[in-house]
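> So here's upload36.csv (CSV, C-alpha atoms and all ligand atoms).
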chain,number,residue,atom,x,y,z
A,1,MET,CA,-25.2,-38.5,-111.0
A,2,ALA,CA,-22.2,-36.4,-111.8
A,3,SER,CA,-19.3,-36.7,-109.4
A,4,GLU,CA,-18.7,-33.0,-109.2
A,5,GLN,CA,-20.1,-31.2,-106.2
A,6,GLY,CA,-22.9,-28.9,-107.2
A,7,PHE,CA,-23.5,-25.5,-105.5
A,8,THR,CA,-25.4,-22.3,-106.3
A,9,LEU,CA,-23.5,-19.1,-105.9
A,10,TRP,CA,-26.3,-16.7,-105.6
A,11,PHE,CA,-25.4,-13.1,-106.3
A,12,THR,CA,-27.6,-10.3,-105.1
A,13,GLY,CA,-27.1,-6.6,-105.4
A,14,LEU,CA,-28.2,-3.4,-107.1
A,15,SER,CA,-28.0,-2.9,-110.9
A,16,GLY,CA,-24.4,-1.9,-111.6
A,17,SER,CA,-23.1,-3.4,-108.4
A,18,GLY,CA,-21.0,-5.8,-110.3
A,19,LYS,CA,-22.8,-9.2,-110.5
A,20,THR,CA,-22.2,-9.8,-114.2
A,21,THR,CA,-18.6,-8.5,-114.1
A,22,ILE,CA,-17.6,-10.7,-111.1
A,23,SER,CA,-19.5,-13.7,-112.5
A,24,LYS,CA,-17.4,-13.6,-115.7
A,25,LEU,CA,-14.2,-13.4,-113.7
A,26,VAL,CA,-15.2,-16.4,-111.5
A,27,VAL,CA,-16.1,-18.4,-114.6
A,28,LYS,CA,-12.8,-17.6,-116.3
A,29,GLU,CA,-10.8,-18.7,-113.2
A,30,LEU,CA,-12.7,-21.9,-112.8
A,31,GLU,CA,-12.3,-22.7,-116.5
A,32,ALA,CA,-8.6,-22.2,-116.2
A,33,ARG,CA,-8.7,-24.9,-113.5
A,34,GLY,CA,-10.7,-27.2,-115.7
A,35,SER,CA,-14.0,-26.8,-113.8
A,36,ALA,CA,-17.2,-26.0,-115.5
A,37,ILE,CA,-19.8,-23.7,-114.0
A,38,GLU,CA,-23.1,-22.5,-115.5
A,39,VAL,CA,-24.4,-18.9,-115.2
A,40,LEU,CA,-27.9,-17.7,-115.0
A,41,ASP,CA,-27.5,-14.0,-115.6
A,42,GLY,CA,-30.5,-11.8,-114.9
A,43,ASP,CA,-30.4,-10.1,-118.3
A,44,VAL,CA,-30.2,-13.3,-120.2
A,45,VAL,CA,-32.9,-15.0,-118.1
A,46,ARG,CA,-35.3,-12.1,-118.8
A,47,GLN,CA,-34.7,-12.5,-122.6
A,48,ASN,CA,-35.8,-16.1,-122.6
A,49,LEU,CA,-36.8,-18.1,-119.5
A,50,SER,CA,-38.7,-15.0,-118.2
A,51,LYS,CA,-39.5,-13.2,-121.4
A,52,GLY,CA,-42.7,-11.2,-121.0
A,53,LEU,CA,-42.4,-10.7,-117.3
A,54,GLY,CA,-42.2,-7.1,-116.0
A,55,PHE,CA,-41.0,-5.5,-112.8
A,56,SER,CA,-44.0,-5.6,-110.5
A,57,LYS,CA,-43.4,-7.4,-107.2
A,58,GLU,CA,-45.3,-10.4,-108.5
A,59,ASP,CA,-43.3,-10.6,-111.8
A,60,ARG,CA,-40.0,-10.1,-110.0
A,61,ASP,CA,-40.9,-12.9,-107.6
A,62,THR,CA,-41.8,-15.2,-110.5
A,63,ASN,CA,-38.6,-14.4,-112.3
A,64,ILE,CA,-36.5,-15.2,-109.3
A,65,ARG,CA,-38.4,-18.4,-108.5
A,66,ARG,CA,-37.7,-19.6,-112.1
A,67,VAL,CA,-34.0,-18.8,-111.6
A,68,ALA,CA,-34.0,-20.7,-108.3
A,69,PHE,CA,-35.8,-23.7,-109.9
A,70,VAL,CA,-33.2,-24.1,-112.7
A,71,ALA,CA,-30.3,-23.5,-110.3
A,72,ASP,CA,-31.7,-26.2,-108.0
A,73,LEU,CA,-32.0,-28.7,-110.9
A,74,LEU,CA,-28.5,-28.1,-112.0
A,75,SER,CA,-26.8,-27.9,-108.7
A,76,ARG,CA,-28.4,-31.0,-107.3
A,77,ASN,CA,-27.0,-32.9,-110.3
A,78,GLY,CA,-23.5,-31.8,-109.6
A,79,VAL,CA,-23.4,-28.7,-111.8
A,80,PRO,CA,-22.1,-25.6,-110.1
A,81,VAL,CA,-24.2,-22.5,-110.9
A,82,ILE,CA,-23.9,-18.8,-110.5
A,83,THR,CA,-27.1,-16.7,-110.5
A,84,ALA,CA,-26.5,-13.0,-111.3
A,85,ALA,CA,-29.9,-11.3,-110.9
A,86,ILE,CA,-30.7,-8.3,-108.6
A,87,SER,CA,-33.1,-10.6,-106.6
A,88,PRO,CA,-34.2,-7.6,-104.4
A,89,TYR,CA,-36.5,-9.5,-102.0
A,90,ARG,CA,-35.1,-11.3,-99.0
A,91,GLU,CA,-38.1,-13.6,-98.7
A,92,ILE,CA,-37.7,-15.0,-102.2
A,93,ARG,CA,-34.0,-15.5,-101.8
A,94,ASP,CA,-34.5,-17.3,-98.5
A,95,GLU,CA,-37.1,-19.5,-100.2
A,96,ALA,CA,-34.4,-20.4,-102.8
A,97,ARG,CA,-32.0,-21.1,-100.0
A,98,GLY,CA,-34.6,-23.4,-98.4
A,99,HIS,CA,-34.8,-25.5,-101.6
A,100,MET,CA,-31.1,-25.8,-102.0
A,101,ASP,CA,-30.2,-25.8,-98.3
A,102,GLY,CA,-26.4,-26.6,-97.9
A,103,ARG,CA,-25.8,-26.0,-101.7
A,104,PHE,CA,-26.8,-22.3,-101.5
A,105,ILE,CA,-24.1,-19.6,-101.1
A,106,GLU,CA,-25.4,-16.1,-101.0
A,107,ALA,CA,-22.9,-13.4,-102.1
A,108,TYR,CA,-24.0,-9.8,-101.5
A,109,VAL,CA,-22.4,-7.7,-104.2
A,110,LYS,CA,-22.3,-4.6,-102.2
A,111,ALA,CA,-22.4,-1.0,-103.6
A,112,SER,CA,-24.4,1.9,-102.6
A,113,VAL,CA,-27.1,3.4,-104.8
A,114,GLU,CA,-24.9,6.5,-105.1
A,115,GLU,CA,-22.0,4.5,-106.3
A,116,CYS,CA,-24.1,2.4,-108.8
A,117,GLU,CA,-25.6,5.7,-110.0
A,118,ARG,CA,-22.2,7.1,-110.5
A,119,ARG,CA,-21.1,4.0,-112.5
A,120,ASP,CA,-24.4,3.9,-114.4
A,121,VAL,CA,-23.1,1.3,-116.8
A,122,LYS,CA,-26.3,1.0,-118.7
A,123,GLY,CA,-27.6,4.5,-118.3
A,124,LEU,CA,-30.6,3.1,-116.4
A,125,TYR,CA,-30.2,5.3,-113.3
A,126,ALA,CA,-30.4,8.4,-115.3
A,127,LYS,CA,-33.6,7.1,-116.9
A,128,ALA,CA,-35.0,6.1,-113.6
A,129,ARG,CA,-34.3,9.5,-112.1
A,130,ALA,CA,-36.0,11.1,-115.1
A,131,GLY,CA,-39.1,9.0,-114.5
A,132,GLU,CA,-38.6,7.1,-117.8
A,133,ILE,CA,-38.3,3.8,-116.0
A,134,LYS,CA,-40.7,3.0,-113.2
A,135,GLU,CA,-40.1,0.5,-110.5
A,136,PHE,CA,-36.3,0.8,-110.7
A,137,THR,CA,-34.6,-1.0,-107.8
A,138,GLY,CA,-32.8,1.4,-105.4
A,139,VAL,CA,-34.5,4.4,-106.9
A,140,SER,CA,-38.3,3.8,-107.0
A,141,ASP,CA,-38.4,0.1,-105.9
A,142,PRO,CA,-37.1,-1.7,-102.8
A,143,TYR,CA,-33.8,-3.5,-102.4
A,144,GLU,CA,-33.5,-5.7,-99.3
A,145,PRO,CA,-29.9,-6.5,-98.5
A,146,PRO,CA,-29.2,-10.0,-97.1
A,147,GLU,CA,-28.9,-10.3,-93.3
A,148,SER,CA,-26.4,-13.1,-93.1
A,149,PRO,CA,-24.9,-13.8,-96.5
A,150,GLU,CA,-22.0,-16.3,-96.8
A,151,LEU,CA,-20.0,-13.6,-98.6
A,152,VAL,CA,-20.0,-9.8,-98.8
A,153,LEU,CA,-18.2,-8.3,-101.7
A,154,GLU,CA,-17.2,-4.7,-100.9
A,155,THR,CA,-17.1,-3.5,-104.5
A,156,GLU,CA,-16.4,0.1,-103.5
A,157,ASP,CA,-13.2,-0.9,-101.8
A,158,GLN,CA,-12.1,-3.8,-104.1
A,159,THR,CA,-11.4,-4.3,-107.7
A,160,PRO,CA,-13.5,-6.9,-109.6
A,161,GLU,CA,-10.5,-9.2,-109.6
A,162,GLU,CA,-10.2,-9.0,-105.8
A,163,SER,CA,-14.0,-9.7,-105.4
A,164,ALA,CA,-13.6,-12.7,-107.7
A,165,GLY,CA,-10.5,-13.8,-105.7
A,166,GLN,CA,-12.5,-13.6,-102.5
A,167,ILE,CA,-15.1,-16.0,-103.9
A,168,ILE,CA,-12.5,-18.4,-105.3
A,169,ALA,CA,-10.8,-18.6,-101.9
A,170,TYR,CA,-14.1,-19.2,-100.2
A,171,LEU,CA,-15.0,-22.0,-102.6
A,172,GLU,CA,-11.6,-23.6,-102.1
A,173,GLU,CA,-11.9,-23.4,-98.4
A,174,ARG,CA,-15.3,-25.2,-98.5
A,175,GLY,CA,-13.7,-27.8,-100.7
A,176,LEU,CA,-16.2,-27.0,-103.5
A,177,ILE,CA,-13.6,-26.5,-106.2
A,178,PRO,CA,-10.1,-28.0,-106.6
A,179,ALA,CA,-7.2,-25.9,-105.4
A,180,ARG,CA,-5.0,-24.5,-108.1
A,181,SER,CA,-2.6,-27.2,-109.2
A,182,SER,CA,0.5,-25.2,-110.2
A,201,LIG,N1,-15.2,-4.6,-107.2
A,201,LIG,C1,-16.0,-4.5,-108.3
A,201,LIG,N2,-16.7,-5.6,-108.6
A,201,LIG,C2,-17.5,-5.5,-109.7
A,201,LIG,N3,-17.7,-4.5,-110.5
A,201,LIG,C3,-17.0,-3.4,-110.2
A,201,LIG,C4,-16.1,-3.3,-109.1
A,201,LIG,N4,-15.5,-2.1,-109.0
A,201,LIG,C5,-16.0,-1.4,-110.1
A,201,LIG,N5,-16.9,-2.2,-110.8
A,201,LIG,C6,-17.6,-1.7,-112.0
A,201,LIG,O1,-19.0,-1.7,-111.8
A,201,LIG,C7,-19.7,-2.1,-113.0
A,201,LIG,C8,-20.7,-3.3,-112.6
A,201,LIG,O2,-21.5,-3.5,-113.7
A,201,LIG,P1,-22.2,-4.9,-113.9
A,201,LIG,O3,-22.9,-4.9,-115.3
A,201,LIG,O4,-21.3,-6.1,-113.6
A,201,LIG,O5,-23.4,-4.9,-112.8
A,201,LIG,P2,-24.6,-5.8,-112.5
A,201,LIG,O6,-24.7,-6.0,-111.1
A,201,LIG,O7,-24.5,-7.1,-113.4
A,201,LIG,O8,-25.9,-4.9,-113.0
A,201,LIG,P3,-27.3,-5.4,-113.6
A,201,LIG,O9,-28.1,-5.9,-112.4
A,201,LIG,O10,-27.8,-4.1,-114.2
A,201,LIG,O11,-27.1,-6.5,-114.6
A,201,LIG,C9,-18.7,-2.4,-114.0
A,201,LIG,O12,-18.5,-1.3,-114.8
A,201,LIG,C10,-17.4,-2.7,-113.2
A,201,LIG,O13,-16.3,-2.4,-113.9
A,202,MG,MG,-25.7,-7.9,-114.9
For the file at hand, write its structure as structure tokens.
Ligand SMILES: Nc1ncnc2c1ncn2[C@@H]1O[C@H](COP(=O)(O)OP(=O)(O)OP(=O)(O)O)[C@@H](O)[C@H]1O
Ligand SMILES: [Mg+2]


Amino acid sequence: MASEQGFTLWFTGLSGSGKTTISKLVVKELEARGSAIEVLDGDVVRQNLSKGLGFSKEDRDTNIRRVAFVADLLSRNGVPVITAAISPYREIRDEARGHMDGRFIEAYVKASVEECERRDVKGLYAKARAGEIKEFTGVSDPYEPPESPELVLETEDQTPEESAGQIIAYLEERGLIPARSS
């Protein structure tokens, strides 16, 4: 067993809410402190671990269960993990929490559909509105926000750096990462 304390920082939020952006900043900060953390990003997972899965409720659930399975394997062996997938369904997130119990930290990356649509980083909202993408979360598919997440990142009122800082402070407070040495 590794001596490091494992945990799963589980991001959930709409497309364009900031999951990938914030995850990169958290990784950068932890690396600067000499701590490693693995990332399971939704887009990357869908290109390999979940290749071939679509966006029906069943396929979305399968995708998220796979993410949870890998996050559990890593975190229980002392490897901190960030998952950065939309994970729209509360029930499946709670199932993941159930497997990982005290190692599970849910971070709601909060931004309204209107704001995400305004950002439209990947041009997906425009396509969804035009009917070119079916089953698009927030437009034509459900998103169920968490009811009592450990963290809420208000991305409409914060910079990405502030959101990442909020996470780092929380992890420090929980004693899950070493405090900055300098
Ligand atoms: N406080 C904030 N935190 C994160 N991102 C922010 C914030 N404020 C503005 N943004 C902007 O919002 C966008 C978020 O895009 P990002 O790709 O990180 O979203 P995502 O949640 O990973 O989406 P997807 O589910 O499609 O992968 C970026 O352009 C980022 O600069
Ligand atoms: Mg992303």

> If we count all atoms listed in the file, what is near Tyr170 (chain A) at a cut-off of 10 Å, once residues fewer than 6 positions away on the same chain are taken out, given as a list in words?

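Contacts, in chain order: Glu150, Leu151, Ala164, Leu176 and Ile177 of chain A.
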
> Using Å and a single decimal, report how far CA of Arg180 (chain A) sits from CA of Gly165 (chain A).

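One can read the CA of Gly165 (chain A) to CA of Arg180 (chain A) distance as 12.3 Å.
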
> Can you tell me which residues sit at most 9 Å away from ligand MG 202 (chain A), counting only C-alpha atoms and all ligand atoms, written as number ranges by chain?

A: 15-21, 23, 41-44, 84-86

> So that I can see what lies close to Arg97 (chain A), please list as JSON, numbers by chain the residues with an atom at most 10 Å from it, counting all atoms listed in the file and leaving out residues fewer than 5 positions away in the same chain.

{"A": [8, 10, 68, 72, 91, 92, 102, 103, 104, 105, 106]}

> For Thr83 (chain A), which residue among A:Tyr143, A:Phe136, A:Tyr108, A:Tyr125 is the nearest when counting only C-alpha atoms?

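Distance minimum relative to Thr83 (chain A) lands on A:Tyr108.
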
> Would you kindly identify which residues have an atom no farther than 10 Å from (-32.7, -15.0, -109.1), using only C-alpha atoms and the file's own coordinates, and write them out as number ranges by chain?

A: 10-12, 40-42, 45, 60-71, 82-89, 92-93, 96

> Write the residues of the selection above to a file with C-alpha atoms, as a PDB file, keeping the file's coordinate frame.


ATOM      1  CA  TRP A  10     -26.300 -16.700-105.600  1.00  0.00           C
ATOM      2  CA  PHE A  11     -25.400 -13.100-106.300  1.00  0.00           C
ATOM      3  CA  THR A  12     -27.600 -10.300-105.100  1.00  0.00           C
ATOM      4  CA  LEU A  40     -27.900 -17.700-115.000  1.00  0.00           C
ATOM      5  CA  ASP A  41     -27.500 -14.000-115.600  1.00  0.00           C
ATOM      6  CA  GLY A  42     -30.500 -11.800-114.900  1.00  0.00           C
ATOM      7  CA  VAL A  45     -32.900 -15.000-118.100  1.00  0.00           C
ATOM      8  CA  ARG A  60     -40.000 -10.100-110.000  1.00  0.00           C
ATOM      9  CA  ASP A  61     -40.900 -12.900-107.600  1.00  0.00           C
ATOM     10  CA  THR A  62     -41.800 -15.200-110.500  1.00  0.00           C
ATOM     11  CA  ASN A  63     -38.600 -14.400-112.300  1.00  0.00           C
ATOM     12  CA  ILE A  64     -36.500 -15.200-109.300  1.00  0.00           C
ATOM     13  CA  ARG A  65     -38.400 -18.400-108.500  1.00  0.00           C
ATOM     14  CA  ARG A  66     -37.700 -19.600-112.100  1.00  0.00           C
ATOM     15  CA  VAL A  67     -34.000 -18.800-111.600  1.00  0.00           C
ATOM     16  CA  ALA A  68     -34.000 -20.700-108.300  1.00  0.00           C
ATOM     17  CA  PHE A  69     -35.800 -23.700-109.900  1.00  0.00           C
ATOM     18  CA  VAL A  70     -33.200 -24.100-112.700  1.00  0.00           C
ATOM     19  CA  ALA A  71     -30.300 -23.500-110.300  1.00  0.00           C
ATOM     20  CA  ILE A  82     -23.900 -18.800-110.500  1.00  0.00           C
ATOM     21  CA  THR A  83     -27.100 -16.700-110.500  1.00  0.00           C
ATOM     22  CA  ALA A  84     -26.500 -13.000-111.300  1.00  0.00           C
ATOM     23  CA  ALA A  85     -29.900 -11.300-110.900  1.00  0.00           C
ATOM     24  CA  ILE A  86     -30.700  -8.300-108.600  1.00  0.00           C
ATOM     25  CA  SER A  87     -33.100 -10.600-106.600  1.00  0.00           C
ATOM     26  CA  PRO A  88     -34.200  -7.600-104.400  1.00  0.00           C
ATOM     27  CA  TYR A  89     -36.500  -9.500-102.000  1.00  0.00           C
ATOM     28  CA  ILE A  92     -37.700 -15.000-102.200  1.00  0.00           C
ATOM     29  CA  ARG A  93     -34.000 -15.500-101.800  1.00  0.00           C
ATOM     30  CA  ALA A  96     -34.400 -20.400-102.800  1.00  0.00           C
TER      31      ALA A  96
END

> Please determine, counting all atoms listed in the file, which residue among A:Leu124, A:Ile37, A:Ile167, A:Leu73 has the shortest atom-to-atom distance to ligand LIG 201 (chain A).

A:Leu124

> Which residues, protein or nucleic acid, reach to within 10 Å of (-41.0, -2.3, -105.6) in the file's coordinates when using only C-alpha atoms, and can you give that as number ranges by chain?

A: 55-58, 60, 88-89, 134-143

> Just write the chosen residues, C-alpha atoms, as a PDB file, in the coordinates of the input.


ATOM      1  CA  PHE A  55     -41.000  -5.500-112.800  1.00  0.00           C
ATOM      2  CA  SER A  56     -44.000  -5.600-110.500  1.00  0.00           C
ATOM      3  CA  LYS A  57     -43.400  -7.400-107.200  1.00  0.00           C
ATOM      4  CA  GLU A  58     -45.300 -10.400-108.500  1.00  0.00           C
ATOM      5  CA  ARG A  60     -40.000 -10.100-110.000  1.00  0.00           C
ATOM      6  CA  PRO A  88     -34.200  -7.600-104.400  1.00  0.00           C
ATOM      7  CA  TYR A  89     -36.500  -9.500-102.000  1.00  0.00           C
ATOM      8  CA  LYS A 134     -40.700   3.000-113.200  1.00  0.00           C
ATOM      9  CA  GLU A 135     -40.100   0.500-110.500  1.00  0.00           C
ATOM     10  CA  PHE A 136     -36.300   0.800-110.700  1.00  0.00           C
ATOM     11  CA  THR A 137     -34.600  -1.000-107.800  1.00  0.00           C
ATOM     12  CA  GLY A 138     -32.800   1.400-105.400  1.00  0.00           C
ATOM     13  CA  VAL A 139     -34.500   4.400-106.900  1.00  0.00           C
ATOM     14  CA  SER A 140     -38.300   3.800-107.000  1.00  0.00           C
ATOM     15  CA  ASP A 141     -38.400   0.100-105.900  1.00  0.00           C
ATOM     16  CA  PRO A 142     -37.100  -1.700-102.800  1.00  0.00           C
ATOM     17  CA  TYR A 143     -33.800  -3.500-102.400  1.00  0.00           C
TER      18      TYR A 143
END

> Quick one: residues within 12 Å of Gln166 (chain A), only C-alpha atoms, excluding same-chain residues fewer than 4 positions away - as a PDB file with C-alpha atoms, in the frame of the given file?


ATOM      1  CA  ILE A  22     -17.600 -10.700-111.100  1.00  0.00           C
ATOM      2  CA  LEU A  25     -14.200 -13.400-113.700  1.00  0.00           C
ATOM      3  CA  VAL A  26     -15.200 -16.400-111.500  1.00  0.00           C
ATOM      4  CA  GLU A  29     -10.800 -18.700-113.200  1.00  0.00           C
ATOM      5  CA  ALA A 107     -22.900 -13.400-102.100  1.00  0.00           C
ATOM      6  CA  VAL A 109     -22.400  -7.700-104.200  1.00  0.00           C
ATOM      7  CA  GLU A 150     -22.000 -16.300 -96.800  1.00  0.00           C
ATOM      8  CA  LEU A 151     -20.000 -13.600 -98.600  1.00  0.00           C
ATOM      9  CA  VAL A 152     -20.000  -9.800 -98.800  1.00  0.00           C
ATOM     10  CA  LEU A 153     -18.200  -8.300-101.700  1.00  0.00           C
ATOM     11  CA  GLU A 154     -17.200  -4.700-100.900  1.00  0.00           C
ATOM     12  CA  THR A 155     -17.100  -3.500-104.500  1.00  0.00           C
ATOM     13  CA  GLN A 158     -12.100  -3.800-104.100  1.00  0.00           C
ATOM     14  CA  THR A 159     -11.400  -4.300-107.700  1.00  0.00           C
ATOM     15  CA  PRO A 160     -13.500  -6.900-109.600  1.00  0.00           C
ATOM     16  CA  GLU A 161     -10.500  -9.200-109.600  1.00  0.00           C
ATOM     17  CA  GLU A 162     -10.200  -9.000-105.800  1.00  0.00           C
ATOM     18  CA  TYR A 170     -14.100 -19.200-100.200  1.00  0.00           C
ATOM     19  CA  LEU A 171     -15.000 -22.000-102.600  1.00  0.00           C
ATOM     20  CA  GLU A 172     -11.600 -23.600-102.100  1.00  0.00           C
ATOM     21  CA  GLU A 173     -11.900 -23.400 -98.400  1.00  0.00           C
TER      22      GLU A 173
END

> I'd like the interatomic distance between CA of Arg76 (chain A) and atom O4 of ligand LIG 201 (chain A), to a tenth of an Å.

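That distance, rounded to one decimal, is 26.6 Å.
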
> Closest to Val113 (chain A) among A:Val39, A:Leu14, A:Val79, A:Leu9, using all atoms listed in the file?

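Under the stated criterion, the closest residue is A:Leu14.
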
> Provide region 57-66 of chain A rebuilt to all heavy atoms, formatted as an mmCIF file, in the coordinates of the input.


data_model
loop_
_atom_site.group_PDB
_atom_site.id
_atom_site.type_symbol
_atom_site.label_atom_id
_atom_site.label_comp_id
_atom_site.auth_asym_id
_atom_site.auth_seq_id
_atom_site.Cartn_x
_atom_site.Cartn_y
_atom_site.Cartn_z
ATOM 1 N N LYS A 57 -43.835 -6.500 -108.225
ATOM 2 C CA LYS A 57 -43.400 -7.400 -107.200
ATOM 3 C C LYS A 57 -43.678 -8.870 -107.633
ATOM 4 O O LYS A 57 -42.844 -9.768 -107.518
ATOM 5 C CB LYS A 57 -44.032 -7.096 -105.854
ATOM 6 C CG LYS A 57 -43.904 -8.175 -104.779
ATOM 7 C CD LYS A 57 -42.812 -7.850 -103.793
ATOM 8 C CE LYS A 57 -42.667 -8.769 -102.605
ATOM 9 N NZ LYS A 57 -42.618 -10.209 -102.835
ATOM 10 N N GLU A 58 -44.868 -9.082 -108.146
ATOM 11 C CA GLU A 58 -45.300 -10.400 -108.500
ATOM 12 C C GLU A 58 -44.403 -10.988 -109.673
ATOM 13 O O GLU A 58 -43.954 -12.142 -109.600
ATOM 14 C CB GLU A 58 -46.749 -10.378 -108.998
ATOM 15 C CG GLU A 58 -47.398 -11.741 -109.077
ATOM 16 C CD GLU A 58 -48.797 -11.707 -109.675
ATOM 17 O OE1 GLU A 58 -49.313 -10.588 -109.949
ATOM 18 O OE2 GLU A 58 -49.359 -12.787 -109.870
ATOM 19 N N ASP A 59 -44.142 -10.167 -110.671
ATOM 20 C CA ASP A 59 -43.300 -10.600 -111.800
ATOM 21 C C ASP A 59 -41.858 -10.826 -111.370
ATOM 22 O O ASP A 59 -41.192 -11.768 -111.808
ATOM 23 C CB ASP A 59 -43.390 -9.644 -112.968
ATOM 24 C CG ASP A 59 -44.645 -9.864 -113.817
ATOM 25 O OD1 ASP A 59 -45.510 -10.665 -113.398
ATOM 26 O OD2 ASP A 59 -44.764 -9.226 -114.880
ATOM 27 N N ARG A 60 -41.367 -9.951 -110.528
ATOM 28 C CA ARG A 60 -40.000 -10.100 -110.000
ATOM 29 C C ARG A 60 -39.890 -11.439 -109.246
ATOM 30 O O ARG A 60 -38.912 -12.176 -109.400
ATOM 31 C CB ARG A 60 -39.607 -8.959 -109.092
ATOM 32 C CG ARG A 60 -39.294 -7.665 -109.799
ATOM 33 C CD ARG A 60 -38.960 -6.598 -108.767
ATOM 34 N NE ARG A 60 -38.784 -5.265 -109.314
ATOM 35 C CZ ARG A 60 -37.645 -4.780 -109.795
ATOM 36 N NH1 ARG A 60 -36.555 -5.522 -109.816
ATOM 37 N NH2 ARG A 60 -37.580 -3.552 -110.265
ATOM 38 N N ASP A 61 -40.882 -11.714 -108.426
ATOM 39 C CA ASP A 61 -40.900 -12.900 -107.600
ATOM 40 C C ASP A 61 -40.907 -14.179 -108.559
ATOM 41 O O ASP A 61 -40.172 -15.150 -108.349
ATOM 42 C CB ASP A 61 -42.018 -12.979 -106.639
ATOM 43 C CG ASP A 61 -41.822 -11.984 -105.488
ATOM 44 O OD1 ASP A 61 -40.732 -11.371 -105.407
ATOM 45 O OD2 ASP A 61 -42.754 -11.824 -104.683
ATOM 46 N N THR A 62 -41.751 -14.112 -109.568
ATOM 47 C CA THR A 62 -41.800 -15.200 -110.500
ATOM 48 C C THR A 62 -40.503 -15.441 -111.217
ATOM 49 O O THR A 62 -40.018 -16.576 -111.338
ATOM 50 C CB THR A 62 -42.942 -14.936 -111.576
ATOM 51 O OG1 THR A 62 -44.182 -14.753 -110.893
ATOM 52 C CG2 THR A 62 -43.076 -16.062 -112.583
ATOM 53 N N ASN A 63 -39.903 -14.352 -111.650
ATOM 54 C CA ASN A 63 -38.600 -14.400 -112.300
ATOM 55 C C ASN A 63 -37.568 -15.119 -111.421
ATOM 56 O O ASN A 63 -36.868 -16.047 -111.849
ATOM 57 C CB ASN A 63 -38.151 -13.000 -112.677
ATOM 58 C CG ASN A 63 -36.762 -12.954 -113.287
ATOM 59 O OD1 ASN A 63 -36.434 -13.716 -114.190
ATOM 60 N ND2 ASN A 63 -35.930 -12.068 -112.768
ATOM 61 N N ILE A 64 -37.497 -14.672 -110.176
ATOM 62 C CA ILE A 64 -36.500 -15.200 -109.300
ATOM 63 C C ILE A 64 -36.798 -16.678 -108.902
ATOM 64 O O ILE A 64 -35.890 -17.508 -108.777
ATOM 65 C CB ILE A 64 -36.321 -14.328 -108.012
ATOM 66 C CG1 ILE A 64 -35.801 -12.935 -108.424
ATOM 67 C CG2 ILE A 64 -35.397 -14.961 -106.988
ATOM 68 C CD1 ILE A 64 -34.531 -12.935 -109.273
ATOM 69 N N ARG A 65 -38.074 -16.997 -108.783
ATOM 70 C CA ARG A 65 -38.400 -18.400 -108.500
ATOM 71 C C ARG A 65 -38.000 -19.310 -109.672
ATOM 72 O O ARG A 65 -37.575 -20.444 -109.466
ATOM 73 C CB ARG A 65 -39.916 -18.538 -108.231
ATOM 74 C CG ARG A 65 -40.301 -18.008 -106.858
ATOM 75 C CD ARG A 65 -41.721 -18.423 -106.464
ATOM 76 N NE ARG A 65 -41.979 -18.033 -105.089
ATOM 77 C CZ ARG A 65 -42.850 -17.083 -104.715
ATOM 78 N NH1 ARG A 65 -43.571 -16.444 -105.618
ATOM 79 N NH2 ARG A 65 -43.012 -16.799 -103.442
ATOM 80 N N ARG A 66 -38.115 -18.810 -110.887
ATOM 81 C CA ARG A 66 -37.700 -19.600 -112.100
ATOM 82 C C ARG A 66 -36.156 -19.792 -112.017
ATOM 83 O O ARG A 66 -35.650 -20.883 -112.299
ATOM 84 C CB ARG A 66 -38.078 -18.897 -113.351
ATOM 85 C CG ARG A 66 -39.566 -18.980 -113.598
ATOM 86 C CD ARG A 66 -39.919 -18.263 -114.887
ATOM 87 N NE ARG A 66 -41.370 -18.174 -115.023
ATOM 88 C CZ ARG A 66 -41.988 -17.530 -115.994
ATOM 89 N NH1 ARG A 66 -41.283 -16.912 -116.937
ATOM 90 N NH2 ARG A 66 -43.298 -17.500 -116.051
#
